Each structure stands twice: as C-alpha cells, then as structure tokens.
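Student: For reference, this is model_38.tsv, and it has TSV, C-alpha atoms and all ligand atoms.
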chain	number	residue	atom	x	y	z
A	744	MET	CA	-42.02	139.81	-20.26
A	745	ALA	CA	-44.83	142.28	-19.54
A	746	GLY	CA	-47.29	141.13	-16.89
A	747	GLU	CA	-44.92	138.58	-15.35
A	748	PRO	CA	-44.49	139.00	-11.60
A	749	LYS	CA	-41.19	140.36	-10.37
A	750	ILE	CA	-39.04	138.44	-7.92
A	751	THR	CA	-37.54	140.06	-4.81
A	752	LEU	CA	-34.27	138.73	-3.45
A	753	SER	CA	-33.75	139.77	0.18
A	754	VAL	CA	-30.52	139.09	2.08
A	755	ILE	CA	-30.93	139.91	5.77
A	756	THR	CA	-28.07	139.51	8.24
A	757	ALA	CA	-27.65	139.90	11.99
A	758	ASP	CA	-25.20	139.09	14.75
A	759	ILE	CA	-27.36	136.89	16.99
A	760	GLY	CA	-24.65	135.67	19.33
A	761	GLY	CA	-21.21	134.19	18.90
A	762	PHE	CA	-20.20	130.56	19.29
A	763	ILE	CA	-16.91	130.87	21.12
A	764	GLY	CA	-16.72	134.61	21.58
A	765	HIS	CA	-17.32	136.42	18.29
A	766	VAL	CA	-15.80	133.69	16.08
A	767	SER	CA	-18.54	131.47	14.69
A	768	SER	CA	-22.24	130.53	14.86
A	769	HIS	CA	-23.87	127.60	16.68
A	770	PRO	CA	-25.68	124.99	14.54
A	771	ASP	CA	-28.81	125.17	16.78
A	772	VAL	CA	-29.17	128.87	15.91
A	773	LEU	CA	-28.91	128.11	12.19
A	774	ASP	CA	-31.42	125.24	12.54
A	775	THR	CA	-33.92	127.55	14.25
A	776	ALA	CA	-33.71	129.97	11.33
A	777	LYS	CA	-34.09	127.11	8.83
A	778	GLU	CA	-37.15	125.67	10.62
A	779	ARG	CA	-38.89	129.07	10.70
A	780	LEU	CA	-38.17	129.79	7.05
A	781	PHE	CA	-39.28	126.27	6.09
A	782	ALA	CA	-42.64	126.96	7.78
A	783	ALA	CA	-42.92	130.34	6.00
A	784	ARG	CA	-42.26	128.64	2.66
A	785	GLU	CA	-44.91	126.00	3.43
A	786	LYS	CA	-47.41	128.80	4.14
A	787	LYS	CA	-46.36	130.48	0.85
A	788	ILE	CA	-45.30	133.67	2.62
A	789	ILE	CA	-41.98	133.32	0.82
A	790	ILE	CA	-40.98	131.46	-2.34
A	791	ASP	CA	-37.68	130.02	-1.18
A	792	PHE	CA	-34.81	130.50	1.27
A	793	HIS	CA	-31.32	129.55	2.23
A	794	VAL	CA	-29.56	130.07	5.57
A	795	LEU	CA	-25.82	130.77	5.72
A	796	ARG	CA	-23.44	132.34	8.18
A	797	CYS	CA	-20.09	134.09	8.03
A	798	GLY	CA	-18.25	134.18	11.35
A	799	ASP	CA	-20.84	135.05	14.01
A	800	ASP	CA	-23.27	136.69	11.55
A	801	LEU	CA	-26.39	134.84	10.45
A	802	GLU	CA	-27.60	135.37	6.87
A	803	LEU	CA	-31.16	134.76	5.66
A	804	ILE	CA	-31.39	134.61	1.87
A	805	ILE	CA	-35.06	134.83	0.88
A	806	THR	CA	-37.00	135.09	-2.37
A	807	HIS	CA	-40.56	136.41	-2.41
A	808	GLY	CA	-42.92	138.51	-4.48
A	809	ASN	CA	-43.55	141.41	-2.10
A	810	GLY	CA	-40.92	143.92	-3.28
A	811	PRO	CA	-38.16	145.58	-1.22
A	812	ASN	CA	-38.90	147.05	2.24
A	813	ASP	CA	-41.94	144.85	2.72
A	814	ARG	CA	-43.24	144.94	6.27
A	815	LYS	CA	-44.32	141.28	6.28
A	816	ILE	CA	-40.91	140.01	5.15
A	817	HIS	CA	-39.02	142.28	7.52
A	818	GLU	CA	-41.24	141.20	10.41
A	819	LEU	CA	-40.67	137.54	9.50
A	820	ALA	CA	-36.89	138.10	9.58
A	821	TRP	CA	-37.17	140.01	12.86
A	822	ASN	CA	-39.19	137.20	14.48
A	823	ILE	CA	-36.65	134.65	13.25
A	824	PHE	CA	-33.78	136.65	14.71
A	825	THR	CA	-35.53	136.97	18.06
A	826	ALA	CA	-36.29	133.20	18.09
A	827	CYS	CA	-32.61	132.56	17.28
A	828	LYS	CA	-31.62	134.89	20.11
A	829	GLU	CA	-33.68	132.82	22.56
A	830	VAL	CA	-31.77	129.70	21.50
A	831	ALA	CA	-28.49	131.61	21.78
A	832	ASP	CA	-29.50	132.80	25.26
A	833	GLU	CA	-30.22	129.23	26.39
A	834	LEU	CA	-26.77	128.15	25.24
A	835	LYS	CA	-25.27	131.28	26.80
A	836	LEU	CA	-23.61	132.12	23.52
A	837	TYR	CA	-21.57	135.30	23.50
A	838	ALA	CA	-23.05	138.81	23.15
A	839	THR	CA	-26.48	137.46	22.17
A	840	GLY	CA	-28.64	139.92	20.31
A	841	ARG	CA	-26.03	142.65	20.36
A	842	GLY	CA	-26.77	143.12	16.67
A	843	LEU	CA	-30.47	143.65	17.41
A	844	ASP	CA	-32.15	146.70	18.81
A	845	MET	CA	-34.35	144.87	21.31
A	846	GLU	CA	-36.92	147.64	21.71
A	847	GLY	CA	-38.90	145.62	19.18
A	848	PHE	CA	-40.09	145.67	15.62
A	849	MET	CA	-41.70	148.88	14.38
A	850	GLY	CA	-42.37	148.07	10.73
A	851	ASP	CA	-38.94	148.42	9.18
A	852	ILE	CA	-36.03	146.16	10.06
A	853	ARG	CA	-33.46	148.55	8.57
A	854	CYS	CA	-33.34	150.72	11.67
A	855	LYS	CA	-33.18	147.81	14.10
A	856	GLY	CA	-29.62	146.54	13.66
A	857	PRO	CA	-29.71	143.89	10.93
A	858	GLY	CA	-28.19	144.55	7.52
A	859	ILE	CA	-30.48	144.22	4.52
A	860	ALA	CA	-29.68	144.02	0.82
A	861	GLU	CA	-32.74	143.70	-1.41
A	862	MET	CA	-33.37	143.85	-5.12
A	863	GLU	CA	-36.43	143.32	-7.31
A	864	PHE	CA	-36.27	142.18	-10.92
A	865	LEU	CA	-38.04	140.33	-13.67
A	866	GLU	CA	-36.36	136.92	-13.73
A	867	ARG	CA	-34.42	136.42	-16.98
A	868	SER	CA	-34.49	133.13	-18.92
A	869	SER	CA	-31.47	132.28	-16.74
A	870	GLU	CA	-30.72	134.35	-13.64
A	871	PRO	CA	-27.30	133.68	-12.06
A	872	VAL	CA	-26.63	135.70	-8.87
A	873	ILE	CA	-23.84	135.85	-6.32
A	874	VAL	CA	-24.46	136.78	-2.68
A	875	LEU	CA	-21.31	137.82	-0.87
A	876	MET	CA	-21.13	138.18	2.87
A	877	ALA	CA	-18.36	139.56	5.07
A	878	ASN	CA	-17.62	139.28	8.78
A	879	LYS	CA	-15.44	141.66	10.84
A	880	ALA	CA	-15.41	144.06	7.90
A	881	GLY	CA	-16.73	147.54	8.55
A	882	VAL	CA	-18.12	150.31	6.46
A	883	GLY	CA	-16.99	150.83	2.84
A	884	ALA	CA	-15.63	147.29	2.27
A	885	TRP	CA	-17.52	146.88	-1.03
A	886	ASN	CA	-16.50	150.22	-2.59
A	887	MET	CA	-13.30	149.02	-4.24
A	888	PRO	CA	-14.63	145.71	-5.62
A	889	LEU	CA	-17.80	147.43	-6.92
A	890	TYR	CA	-15.65	149.98	-8.72
A	891	LYS	CA	-13.56	147.16	-10.24
A	892	VAL	CA	-16.55	145.07	-11.32
A	893	PHE	CA	-18.62	147.90	-12.86
A	894	ALA	CA	-16.12	150.59	-13.87
A	895	ASP	CA	-12.67	149.07	-14.41
A	896	PRO	CA	-12.25	147.42	-17.83
A	897	SER	CA	-9.02	145.73	-16.75
A	898	ASN	CA	-11.12	143.74	-14.28
A	899	THR	CA	-14.26	143.49	-16.43
A	900	PRO	CA	-13.58	143.25	-20.17
A	901	GLY	CA	-17.34	142.92	-20.66
A	902	LEU	CA	-17.53	146.70	-20.13
A	903	PHE	CA	-16.10	147.17	-23.64
A	904	MET	CA	-16.86	143.74	-25.17
A	905	GLU	CA	-20.56	143.36	-24.39
A	906	PRO	CA	-22.86	145.78	-26.29
A	907	THR	CA	-25.42	146.12	-23.45
A	908	MET	CA	-22.69	147.21	-21.05
A	909	LEU	CA	-21.05	149.80	-23.34
A	910	GLU	CA	-23.12	152.65	-21.88
A	911	GLY	CA	-21.72	151.79	-18.46
A	912	PHE	CA	-23.24	151.67	-14.99
A	913	SER	CA	-24.51	154.20	-12.43
A	914	PHE	CA	-23.52	154.07	-8.78
A	915	THR	CA	-25.77	155.30	-5.96
A	916	ILE	CA	-23.58	156.59	-3.16
A	917	TYR	CA	-24.57	157.33	0.41
A	918	ASP	CA	-22.86	160.11	2.34
A	919	LEU	CA	-22.59	158.84	5.91
A	920	GLN	CA	-21.84	162.23	7.37
A	921	GLU	CA	-24.61	164.25	5.74
A	922	ASN	CA	-27.25	161.47	5.47
A	923	ARG	CA	-27.82	162.08	1.74
A	924	GLU	CA	-27.23	160.19	-1.50
A	925	VAL	CA	-26.05	160.93	-5.03
A	926	GLN	CA	-26.04	159.01	-8.32
A	927	ILE	CA	-22.91	159.00	-10.49
A	928	SER	CA	-22.75	157.60	-14.01
A	929	THR	CA	-19.66	155.84	-15.36
A	930	PRO	CA	-17.61	155.86	-17.52
A	931	THR	CA	-18.41	159.58	-18.11
A	932	GLU	CA	-18.07	160.56	-14.44
A	933	LEU	CA	-15.48	157.96	-13.45
A	934	TYR	CA	-13.17	160.46	-11.77
A	935	HIS	CA	-16.05	161.97	-9.80
A	936	LEU	CA	-16.88	158.45	-8.64
A	937	LEU	CA	-13.32	157.76	-7.49
A	938	ALA	CA	-13.06	161.17	-5.82
A	939	LEU	CA	-15.94	160.11	-3.58
A	940	ILE	CA	-15.78	156.36	-3.01
A	941	GLY	CA	-12.03	156.24	-2.36
A	942	SER	CA	-13.10	157.73	1.00
A	943	THR	CA	-14.46	154.47	2.32
A	944	CYS	CA	-15.33	155.83	5.74
A	945	ARG	CA	-17.63	158.52	4.35
A	946	TYR	CA	-19.04	157.65	0.90
A	947	ILE	CA	-20.42	154.13	0.46
A	948	VAL	CA	-21.86	152.52	-2.64
A	949	ILE	CA	-25.36	151.23	-1.91
A	950	SER	CA	-26.44	150.11	-5.40
A	951	VAL	CA	-25.42	149.91	-9.05
A	952	SER	CA	-27.68	149.94	-12.11
A	953	ARG	CA	-27.10	149.44	-15.84
A	954	ASN	CA	-27.27	152.70	-17.79
A	955	SER	CA	-28.86	151.25	-20.95
A	956	ASP	CA	-32.11	150.25	-19.20
A	957	ARG	CA	-31.74	151.17	-15.47
A	958	GLU	CA	-31.83	147.45	-14.52
A	959	VAL	CA	-30.48	146.80	-11.03
A	960	ALA	CA	-27.09	145.09	-11.12
A	961	ALA	CA	-25.85	145.11	-7.50
A	962	VAL	CA	-27.12	146.13	-4.06
A	963	THR	CA	-25.24	146.34	-0.76
A	964	ALA	CA	-26.74	145.93	2.69
A	965	VAL	CA	-27.84	149.07	4.45
A	966	HIS	CA	-27.17	148.81	8.15
A	967	LYS	CA	-28.26	150.87	11.04
A	968	TYR	CA	-26.29	154.09	10.81
A	969	ASN	CA	-26.88	155.41	14.24
A	970	LEU	CA	-25.54	158.92	14.23
A	971	MET	CA	-24.90	159.91	17.82
A	972	ALA	CA	-23.61	163.45	18.19
A	973	GLY	CA	-22.34	163.34	14.62
A	974	ARG	CA	-20.55	160.03	15.11
A	975	VAL	CA	-21.60	156.82	13.33
A	976	MET	CA	-21.96	154.19	16.02
A	977	SER	CA	-22.98	151.07	14.13
A	978	LYS	CA	-21.41	150.64	10.77
A	979	SER	CA	-20.97	147.89	8.25
A	980	GLU	CA	-22.59	146.60	5.11
A	981	SER	CA	-22.34	142.88	5.67
A	982	SER	CA	-23.59	141.65	2.29
A	983	VAL	CA	-23.79	142.49	-1.41
A	984	ILE	CA	-25.83	140.90	-4.21
A	985	PHE	CA	-24.63	140.78	-7.83
A	986	ARG	CA	-26.69	139.80	-10.90
A	987	CYS	CA	-24.41	138.18	-13.44
A	988	GLN	CA	-23.97	137.28	-17.12
A	989	ALA	CA	-25.85	138.25	-20.30
A	990	GLY	CA	-25.56	142.03	-20.06
A	991	PHE	CA	-24.17	142.06	-16.52
A	992	PRO	CA	-20.59	141.25	-15.52
A	993	ALA	CA	-19.79	137.53	-15.86
A	994	ILE	CA	-19.45	135.40	-12.72
A	995	GLY	CA	-15.67	135.39	-13.24
A	996	GLU	CA	-15.56	139.18	-13.60
A	997	VAL	CA	-17.31	139.59	-10.24
A	998	MET	CA	-15.09	136.98	-8.59
A	999	GLU	CA	-11.90	138.50	-10.06
A	1000	ALA	CA	-12.47	141.69	-8.06
A	1001	PHE	CA	-11.99	139.64	-4.87
A	1002	SER	CA	-8.70	138.02	-5.94
A	1003	PHE	CA	-6.93	140.94	-4.27
A	1004	PRO	CA	-7.54	140.91	-0.50
A	1005	HIS	CA	-7.87	144.66	-0.12
A	1006	LEU	CA	-7.58	146.35	3.26
A	1007	VAL	CA	-10.84	147.05	5.07
A	1008	SER	CA	-11.75	148.52	8.43
A	1009	GLY	CA	-13.18	146.30	11.18
A	1010	TRP	CA	-11.31	143.27	12.54
A	1011	MET	CA	-10.45	143.19	16.27
A	1012	ARG	CA	-12.85	145.39	18.27
A	1013	GLY	CA	-14.09	146.89	15.01
A	1014	SER	CA	-11.09	149.20	15.22
A	1015	HIS	CA	-8.34	147.77	12.99
A	1016	ILE	CA	-7.41	147.75	9.33
A	1017	GLY	CA	-6.76	144.36	7.72
A	1018	PRO	CA	-7.16	142.36	4.49
A	1019	LEU	CA	-10.51	140.89	3.42
A	1020	MET	CA	-9.78	137.16	3.03
A	1021	PRO	CA	-12.00	135.20	0.60
A	1022	VAL	CA	-12.73	131.71	2.01
A	1023	PRO	CA	-15.00	128.70	1.46
A	1024	PHE	CA	-18.02	128.50	3.79
A	1025	TYR	CA	-16.29	126.16	6.27
A	1026	GLU	CA	-13.35	128.53	6.75
A	1027	ALA	CA	-15.38	131.56	7.76
A	1028	ASN	CA	-14.28	131.39	11.42
A	1029	PRO	CA	-11.91	134.28	12.10
A	1030	THR	CA	-9.72	133.37	15.09
A	1031	ARG	CA	-6.36	135.12	14.61
A	1032	PHE	CA	-6.79	138.51	16.30
A	1033	GLU	CA	-10.43	137.72	15.40
A	1034	GLY	CA	-9.58	137.99	11.77
A	1035	PRO	CA	-8.45	138.66	9.27
A	1036	PRO	CA	-11.92	139.83	8.10
A	1037	ARG	CA	-13.65	137.04	6.15
A	1038	LEU	CA	-15.60	136.92	2.92
A	1039	ILE	CA	-17.81	134.10	1.64
A	1040	GLY	CA	-19.62	133.87	-1.70
A	1041	ALA	CA	-22.79	131.91	-2.46
A	1042	GLY	CA	-23.79	131.44	-6.08
A	1043	PHE	CA	-27.39	130.66	-7.07
A	1044	GLN	CA	-29.38	130.19	-10.24
A	1045	ILE	CA	-32.85	131.59	-9.60
A	1046	SER	CA	-35.57	129.52	-11.23
A	1047	ASN	CA	-39.14	130.80	-10.83
A	1048	GLY	CA	-38.01	132.32	-7.56
A	1049	LYS	CA	-36.41	129.08	-6.32
A	1050	LEU	CA	-32.83	129.39	-5.13
A	1051	ILE	CA	-30.94	126.69	-6.99
A	1052	GLY	CA	-27.73	126.40	-4.98
A	1053	PRO	CA	-25.71	127.56	-3.23
A	1054	HIS	CA	-22.43	126.93	-4.93
A	1055	ASP	CA	-19.55	127.79	-2.58
A	1056	MET	CA	-17.81	130.34	-4.83
A	1057	PHE	CA	-14.47	130.66	-3.01
A	1058	ASP	CA	-14.00	126.89	-2.73
A	1059	ASP	CA	-11.53	127.11	-5.59
A	1060	PRO	CA	-7.73	126.74	-5.49
A	1061	SER	CA	-7.45	129.79	-7.77
A	1062	PHE	CA	-8.14	131.82	-4.59
A	1063	ASP	CA	-5.29	130.16	-2.65
A	1064	GLU	CA	-2.90	132.99	-3.60
A	1065	ALA	CA	-5.41	135.61	-2.41
A	1066	ARG	CA	-5.58	133.78	0.92
A	1067	LYS	CA	-1.76	133.62	1.11
A	1068	THR	CA	-1.52	137.33	0.33
A	1069	ALA	CA	-4.13	138.00	3.01
A	1070	ASN	CA	-2.07	136.01	5.54
A	1071	LYS	CA	1.08	137.94	4.58
A	1072	ALA	CA	-0.80	141.24	4.88
A	1073	THR	CA	-2.16	140.08	8.25
A	1074	GLU	CA	1.36	139.47	9.53
A	1075	TYR	CA	2.56	142.81	8.18
A	1076	MET	CA	-0.33	144.80	9.64
A	1077	ARG	CA	-0.17	143.01	13.01
A	1078	ARG	CA	3.49	144.00	13.42
A	1079	HIS	CA	2.27	147.61	13.79
A	1080	GLY	CA	0.72	146.63	17.12
A	1081	ALA	CA	-1.16	149.53	18.67
A	1082	PHE	CA	-0.17	152.02	15.98
A	1083	GLN	CA	-1.90	153.49	12.98
A	1084	PRO	CA	-2.55	152.62	10.21
A	1085	HIS	CA	-3.23	149.12	11.65
A	1086	ARG	CA	-5.25	150.73	14.41
A	1087	MET	CA	-7.93	152.91	12.85
A	1088	ALA	CA	-7.96	156.69	13.12
A	1089	GLN	CA	-9.28	158.00	16.42
A	1090	SER	CA	-12.54	159.26	14.91
A	1091	GLU	CA	-13.27	155.81	13.43
A	1092	LEU	CA	-12.66	153.63	16.49
A	1093	GLU	CA	-15.58	151.51	17.61
A	1094	TYR	CA	-14.11	151.12	21.10
A	1095	SER	CA	-12.04	153.80	22.72
A	1096	SER	CA	-10.81	154.45	26.21
A	1097	LEU	CA	-9.42	157.82	25.13
A	1098	PRO	CA	-12.10	160.01	26.77
A	1099	MET	CA	-11.34	158.27	30.09
A	1100	VAL	CA	-7.57	158.54	29.60
A	1101	MET	CA	-7.89	162.22	28.65
A	1102	ASP	CA	-10.00	162.87	31.70
A	1103	LYS	CA	-7.34	161.34	33.95
A	1104	LEU	CA	-4.58	163.33	32.28
A	1105	LYS	CA	-6.43	166.60	31.87
A	1106	ASP	CA	-4.53	168.43	34.62
A	1107	ARG	CA	-1.16	167.17	33.48
A	1108	PHE	CA	-1.19	168.69	29.98
A	1109	ARG	CA	0.99	171.82	29.81
A	1110	LYS	CA	0.54	174.43	27.07
A	1111	LYS	CA	3.73	174.88	24.97
B	1	LIG	C1	-15.28	142.77	16.16
B	1	LIG	C2	-15.66	141.79	17.17
B	1	LIG	C3	-14.68	141.38	18.19
B	1	LIG	C4	-14.98	142.05	19.53
B	1	LIG	C5	-13.95	141.65	20.64
B	1	LIG	C6	-14.31	142.25	21.98
B	1	LIG	O1	-16.36	143.06	15.33
B	1	LIG	O2	-16.77	141.33	17.19
B	1	LIG	O3	-13.35	141.61	17.79
B	1	LIG	O4	-14.98	143.44	19.37
B	1	LIG	O5	-13.94	140.26	20.81
B	1	LIG	O6	-15.60	141.84	22.27
B	1	LIG	P1	-16.45	142.22	23.57
B	1	LIG	O7	-16.28	143.70	23.79
B	1	LIG	O8	-17.83	141.82	23.16
B	1	LIG	O9	-15.91	141.38	24.70
B	2	MG	MG	-20.25	139.45	17.22
What is this structure when it is put down as structure tokens?
Tutor:
Amino acid sequence: MAGEPKITLSVITADIGGFIGHVSSHPDVLDTAKERLFAAREKKIIIDFHVLRCGDDLELIITHGNGPNDRKIHELAWNIFTACKEVADELKLYATGRGLDMEGFMGDIRCKGPGIAEMEFLERSSEPVIVLMANKAGVGAWNMPLYKVFADPSNTPGLFMEPTMLEGFSFTIYDLQENREVQISTPTELYHLLALIGSTCRYIVISVSRNSDREVAAVTAVHKYNLMAGRVMSKSESSVIFRCQAGFPAIGEVMEAFSFPHLVSGWMRGSHIGPLMPVPFYEANPTRFEGPPRLIGAGFQISNGKLIGPHDMFDDPSFDEARKTANKATEYMRRHGAFQPHRMAQSELEYSSLPMVMDKLKDRFRKK
C-alpha cells in the first residue's frame, strides 16, 4: 500500500575461519554473530536477524528499513565479521579472515570479500521467502536453477498457469570479463538468455524481476570480483534469495529446481567440478574431497519485517534421491583424478602450480 515503509532483506556471508580445516564453523563464532545482531536489534538498528552457516561460511540474514547498499548495515556486518575473526583467531581456527580484505571498511562491504544479496520490497499480506546458501560452489552456480525457476515451464507450471506470471521475468546478467551488465526478458528472449548464461564462468545472473510490474523476484550475492591482470581471483555467489507464491513461483517450484544436483565449479581447492548436493542444515559439512559442494535452504515468512523461521527446506526425504545422485556423481567425477573435466580448465583454476612448473621446464620444450 502507498506510504507503507519498504523492508530490506540483506543476506551477508563471509568465510571467517574453518572449524577443522575448511569443513565447518565453530559454535563460538556463530554465537558472537548472534550476540552482536541481538544488540543491534535491541538498539533498533535492524528489525530482525538470523544467523546460519553452510560449511565454513557464516551467513547473516538481516531485515531492516534502510534499503540495499546501506553504509550503516554494511558496517554493522563488517564489524561482526571482524569480531568473529577475533574469536576464530583465539581458537586458532583455520584460514581465519581469508574471506575478508583486512585493510578495513571503506563504506561498502561488497568490495571487501563478503558476499551480499539484498532486496527491497513492500511486504505483501503474506511474504514467504527462501534463502539458499552454498559452500564450495564457485561462480555461476545459480544460473541453471534460476533459469529453471523463472523461464522453464516444465519446472514452473505457474509460468503459464498464474496470470501475473504470464508476461514472464527479466534476468539481469553480469559479464565477469567485461565488467558490464545486461537485462534480458523471457520468454521472448529465452534463447538469448540461454546463449549467455549457459557460460557459467562468464555470464552470471545477479537478479530477476517480474515483467508485469518490475517487482524483484530473486537476487544473488555479488562477491568481490577482483580482476587481476584480466583474471578473476575471488569468485562465488554464495547465496540467493527467492520471493515465493502469489504471483511468484511457488515454494515447491523453487525447490524443484534443486532436485537435480547439477555440476558446479568449486570443490577441492576451488578448482574442481562436482555436483551441488542439497542438504539439511546439520549436514552442511563437506568432508569428502572437501565436498561435494553443499547447498542449504532456509524458509521464512516475513511479518512486519520479523523473520518467522527458519524452516530447514532440504530436511525432506523427497531430496534423498538428489543426495544419492550427487553421491554417484561425486564418485564418477572423482574417478577422473587430476584430469579435466573434473579438474577445471587451466584459466579457471583458483590454485595453480603451472607457472612454476613451466618455468622449470622452459628450456626443455623443443619446437616441432
Ligand atoms: C575450497 C576450500 C578448500 C581449500 C583446501 C586447501 O574452497 O576451501 O578445498 O582450498 O583445503 O586449503 P589451504 O590452501 O587453505 O590449505
Ligand atoms: Mg574456507
């Protein structure tokens, strides 16, 4: 209704330090984040919060009234992450603060390491949302499920059954190589969309809006894309937010897109291809070859900005087959050992000893 304040939902993630290598998160780190956010809620800086984690990544889910990219909210998250890092340092957790650019906060958290997905909307009479979070999944992991949810009627019958969705959805796509974005409207430009976002290492979907009224439907986290000499050094979009029901895809239409554990980049040393396994919160501890990459889903009803939830969305036996398929795919991919396509293409590797190896061998190469 006109004049009503809009709600902002901010999901901010960071790798603070791993509990047993890069596998999980320590409860003391999570408690530190909860205490800080509790104090911020008491002071009415934020409306509500929830703290989750997937693998070794910490996730702050915050509602407030300040709009996206708000300095105060970003600074709050930054201070929480640095407080969490201190706790992680005391416990000598692994790789503490590697996900943070420790030069300090300069007004915008987006360039400092954490991933941030934010959307602002007028709360509907009932506002169901799903926040999904992945660990050990690299860039482009959300492209395929976003296509399925918002552009594939065999996944989402609402696209042709629900009048408000008949005009389709528009995707905003970021070009990692050229640092530019483009908006593509479906269903009219469906093939243009697929031509771009099938290239998951270059074109990534950053948001989706409903064509009939431009309402925001989904937003993915924008991470630090640190282009060094034309090469992306830090790359992932750890979370995605979906608004659901009544003119948006139903909860089950969003969830259905994750019943197939599609292959994503990331996994061991950020340099391997493997299946994205949907798990309940308590199973988000990737140990086998530090994977396979994990996915958790938190469902909330938002009520006057309060986060009613979470409901653990993958705690459902109907996802057992997806987990089995992911385990089979894990076995299959692992059997490739050091070879592509399990190992990522040379240009995509997060770690590589190749420059050193090439240097050692440089005098032994013979022209043919
Ligand atoms: C992948 C990941 C791990 C590490 C691996 C080596 O995102 O976090 O697979 O890459 O454990 O870690 P370091 O180099 O920190 O010893
Ligand atoms: Mg880590």
Student: Using all atoms listed in the file, what are the residues with an atom within 12 Å of ligand MG 2 (chain B), set out as an NGL selection string?
Tutor: :A and (756-768 or 796-801 or 836-843 or 878-880 or 1009-1013 or 1028-1029 or 1033)
Student: Report, as AutoDock Vina command-line options, the axis-aligned box around all atoms of range 983-987 of chain A present in the file, extended by 6 Å on each side; give centre and edge lengths in Å to one decimal place.
Tutor:
--center_x -25.2 --center_y 140.3 --center_z -7.4 --size_x 14.9 --size_y 16.3 --size_z 24.0
Student: Excluding same-chain residues fewer than 3 positions from Met862 in chain A, what lies within 9 Å of it counting all atoms listed in the file, as a list of chain:residue names?
Tutor: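 In the requested format, the answer is A:Ile750, A:Thr751, A:Leu752, A:Ser753, A:Gly810, A:Pro811, A:Val959, A:Ala960, A:Ala961, A:Val962, A:Ile984.
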Student: Separation of CA of Met1099 in chain A and atom O3 of ligand LIG 1 (chain B), in Å?
Tutor: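 Atom O3 of ligand LIG 1 (chain B) lies at a distance of 20.8 Å from CA of Met1099 in chain A.
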Student: Of the candidates A:Ala989, A:Ile947, A:Ala894, A:Ala964, which shows the shortest atom-to-atom distance to Gln920 in chain A, using all atoms listed in the file?
Tutor: A:Ile947
Student: Take the point (-36.7, 134.4, -2.8) in the file's coordinates, draw a sphere of radius 8 Å around it, and report as an NGL selection string every protein, DNA or RNA residue with an atom inside or on it, counting all atoms listed in the file.
Tutor: :A and (750-753 or 789-792 or 804-808 or 1048-1050)
Student: Report the distance between CA of Val965 in chain A and CA of Leu919 in chain A in Å, rounded to one decimal place.
Tutor: 11.2 Å
Student: Find the residues near Gly911 in chain A: any atom within 6 Å, counting only C-alpha atoms, skip ones fewer than 6 places away on the same chain, and give them as an NGL selection string.
Tutor: :A and (929-930 or 954)
Student: I'd like the interatomic distance between CA of Phe991 in chain A and CA of Pro1018 in chain A, to a tenth of an Å.
Tutor: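 CA of Phe991 in chain A sits 27.0 Å away from CA of Pro1018 in chain A.
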Student: Check the smallest atom-to-atom distance from each of A:Arg945, A:Leu819, A:Pro1021, A:Val983 to Glu921 in chain A using all atoms listed in the file, then report the winner.
Tutor: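 That would be A:Arg945, the residue with the smallest distance to Glu921 in chain A.
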